[in-house]
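Just below is one structure, and these are the notes that go with it.
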Amino acid sequence: MIAPSRARRVWTALDARLALHNFLYEVPAYANTLPYVLGAITLIGLVILVGTGILLGQFYAPDPSVANQSIRTIITQVPAGEVIRGIHIWTAHLTMIVLVLHVMRVYATGAYRFPREANWVVGVALLATMLALFFTGAVLRWDQEAIEALEHNVEFAALLGVFGGWFSPAFSSHVPLLTRLYMAHVGLLPLVLFMLLVAHVYLVRQHGISPHLTRTEPAGAHYTFAHHLKKAVGYGCIMLGLGLALSVVFPSGEGPAPVAGIEVTKPPWIFLPLYGLENLFGLQGLWGAPVFFLWLLAVPFLDRGRAPGWKGRRRALAAGAAVLAVLIGLGLYAWRRQPVAHLH
Ligand code: HEM
């Protein structure tokens with residue numbers, strides 16, 4: 001009798017204890033194509049962000065009087081600090097790009113339709129949480145762009161009245177808003193994100209991946225979730241490599257120390273459509289964000305079509321393309337314009 005290989009013995013021992021065979025369930029071949037791996041790549045991006053974020057948290061001081069200086073210290077004095085911070089920042093951008101592509105794939109293929117409406121709603125909450133993480137992260141740099149972003153938020157919170165109270169510097173007389181945003185960035189928001197992710201992945205597992213719009217499964221081809229995971233880890237490594245390369249080629253500076261009361265910067269790319277709305281309608285333009293999210297939430301309830309294939313997607317695709325065109329148009333308009341004062 002041939003003795004089982006060492007790898008086989010290790011697998012058997014681990015499987016007996018951790019029931020790893022539960023991850024070997026079958027998935028369709030198309031689930032391993034890039035459009036269907038985007039969600040898993042987003043997850044890997046989050047792992048990179050948590051790892052690098054924990055390292056940065058050891059050296060960042062969330063106090064307005066020293067925050068910007070502590071970033072300078074991370075860049076100049078902490079071993080590999082500049083690269084670790086660069087990977088964190090660039091991976092945040094890359095993860096947001098992959099996330100947007102994931103939402104576009106789910107929307108285009110109508111994967112929000114019955115029985116996945118609830119998971120779409122969980123997804124919308126995930127998107128809001130990811131944007132909040134991106135926003136609070138950018139504010140932590142405590143440079144000119146950060147303080148202007150925060151001032152916009154404080155003004156918008158004032159428009160929300162009692163619901164925006166948490167954003168008011170007066171909410172806590174002895175803990176600065178920056179310190180509370182830091183708490184949100186490293187504690188509250190990751191906790192909310194984690195709970196939403198558990199629900200999201202649980203629902204994906206319960207419903208299985210949505211059927212392909214046109215493709216029928218090739219007979220005899222068997223793929224397991226392990227294949228899917230391997231693909232995702234491969235793309236995740238590419239993302240880490242890209243983050244590393246970008247952080248070396250385009251290092252993120254610490255930005256100038258902030259001056260309150262002036263408006264000379266523009267927000268990161270993902271918030272540019274909102275900035276464009278502010279250019280057009282003043283602070284009231286920020287209501288565009290809740291309107292966009294209400295539309296996203298309504299998508300599975302507005303599109304009740306069940307027709308198979310791409311034909312059944314015509315109207316929904318036209319609506320999605322129109323929304324995307326407006327977002328891109330507003331973003332380009334804001335990108336080309338000089339910074340504009342909205343507050344003063
Ligand atoms: C941190 C953010 C997110 C992560 C990590 C994530 C992760 C995943 C993963 C791993 C899948 C399995 C299939 C795939 O990769 O395409 C998936 C499916 C899904 N996601 Fe997300 N997702 C996120 C955000 C969102 C958002 C913002 C939405 C919608 C607004 C959304 C809606 C869905 C839906 C409806 C499915 C089921 C798709 C199907 O069965 O074809 N997700 N997600």
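Letters A, B, ... mark the chains of the structure tokens in the order given; residue numbers begin at 1 per chain; ligand numbers begin at 1, in order shown.
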Item checked: ligand 1 neighbours within 8 Å using only C-alpha atoms and all ligand atoms, as an MDAnalysis selection string -> chainID A and resid 31 35:44 46 99:100 102:103 105:107 109 111:113 116:128 130 193 197 200:201 203:204 207:211 296:297
Next item on the list: Name the residues of stretch 177-270 of chain A that fall into alpha helix (DSSP H) according to DSSP on the backbone, using the chain letters and numbers of this document, as an MDAnalysis selection string.
Entry: chainID A and resid 177:183 189:207 225:249
Next item on the list: Name all residues at most 12 Å from stretch 60-68 of chain A (count only C-alpha atoms; drop same-chain ones fewer than 4 positions away) and give them as an MDAnalysis selection string.
Entry: chainID A and resid 53:56 72:75 78 81 85 136:147 174:186 253:260
Note to self: So that I can check the surroundings of A:Val340, please list as JSON, numbers by chain every protein, DNA and RNA residue that reaches within 9 Å of it, counting only C-alpha atoms and ignoring chain neighbours fewer than 3 positions away.
What the structure shows: {"A": [263, 264, 265, 266, 279, 337]}
Notebook entry, point to check: Do you know which residues are at most 10 Å from stretch 304-306 of chain A counting only C-alpha atoms, after dropping those on the same chain fewer than 4 positions away, and could you put them as a PyMOL selection string?
Noted result: chain A and resi 110+113-114+299-300+312-313+315-316
Using N, CA and C atoms, can you export the residues from the last selection as a PDB file, in the first residue's frame?
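What ended up in selection-v9.pdb:
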ATOM      1  N   GLY A 110     -28.499  41.775 -12.779  1.00  0.00           N
ATOM      2  CA  GLY A 110     -29.799  41.686 -12.093  1.00  0.00           C
ATOM      3  C   GLY A 110     -29.758  40.733 -10.912  1.00  0.00           C
ATOM      4  N   ARG A 113     -32.339  40.619  -7.886  1.00  0.00           N
ATOM      5  CA  ARG A 113     -33.738  40.213  -7.988  1.00  0.00           C
ATOM      6  C   ARG A 113     -34.014  39.022  -7.078  1.00  0.00           C
ATOM      7  N   PHE A 114     -35.302  38.670  -6.914  1.00  0.00           N
ATOM      8  CA  PHE A 114     -35.687  37.572  -6.042  1.00  0.00           C
ATOM      9  C   PHE A 114     -34.766  36.367  -6.219  1.00  0.00           C
ATOM     10  N   VAL A 299     -33.801  49.876  -5.852  1.00  0.00           N
ATOM     11  CA  VAL A 299     -33.572  49.168  -7.119  1.00  0.00           C
ATOM     12  C   VAL A 299     -34.310  47.818  -7.206  1.00  0.00           C
ATOM     13  N   PRO A 300     -34.168  46.911  -6.201  1.00  0.00           N
ATOM     14  CA  PRO A 300     -34.824  45.600  -6.363  1.00  0.00           C
ATOM     15  C   PRO A 300     -36.345  45.691  -6.346  1.00  0.00           C
ATOM     16  N   GLY A 312     -34.236  40.863 -20.903  1.00  0.00           N
ATOM     17  CA  GLY A 312     -35.030  41.258 -19.747  1.00  0.00           C
ATOM     18  C   GLY A 312     -34.369  42.351 -18.919  1.00  0.00           C
ATOM     19  N   ARG A 313     -33.166  42.730 -19.273  1.00  0.00           N
ATOM     20  CA  ARG A 313     -32.421  43.706 -18.483  1.00  0.00           C
ATOM     21  C   ARG A 313     -32.401  45.092 -19.134  1.00  0.00           C
ATOM     22  N   ARG A 315     -34.397  47.742 -19.712  1.00  0.00           N
ATOM     23  CA  ARG A 315     -34.817  48.980 -19.027  1.00  0.00           C
ATOM     24  C   ARG A 315     -33.937  49.263 -17.823  1.00  0.00           C
ATOM     25  N   ALA A 316     -33.647  48.218 -17.035  1.00  0.00           N
ATOM     26  CA  ALA A 316     -32.811  48.417 -15.842  1.00  0.00           C
ATOM     27  C   ALA A 316     -31.414  48.888 -16.248  1.00  0.00           C
TER      28      ALA A 316
END
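Across the model, the gap from atom CA of A:Thr216 to atom CA of A:Asn22 is 25.4 Å.
For the atom pair formed by atom CA of A:Gln338 and atom CA of A:Pro267, the distance is 12.0 Å, given to one decimal.
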Next item on the list: Please provide as a PyMOL selection string all residues within 12 Å of A:Gln284, with the sequence filter that same-chain residues fewer than 3 positions apart are discarded (counting only C-alpha atoms).
Entry: chain A and resi 152-153+155-160+274-281+287-291+342-343
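Neighbours of stretch 27-30 of chain A closer than or equal to 6 Å, with only C-alpha atoms counted and sequence neighbours fewer than 2 positions away skipped, come out as Asn32, Thr33, Tyr223, Thr224 and Phe225 of chain A.
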Please, could you write that set of residues out with C-alpha atoms as a short mmCIF file (atom, residue, chain, number, x, y, z; two decimals), in the first residue's frame?
data_model
loop_
_atom_site.label_atom_id
_atom_site.label_comp_id
_atom_site.auth_asym_id
_atom_site.auth_seq_id
_atom_site.Cartn_x
_atom_site.Cartn_y
_atom_site.Cartn_z
CA ASN A 32 -14.45 31.82 -11.09
CA THR A 33 -14.42 34.50 -13.80
CA TYR A 223 -15.27 23.52 -9.59
CA THR A 224 -15.29 23.93 -5.83
CA PHE A 225 -15.31 27.01 -3.64
#
Check: Hey, can you check how far atom CA of A:Leu244 sits from atom CA of A:Ile87?
Finding: 5.4 Å
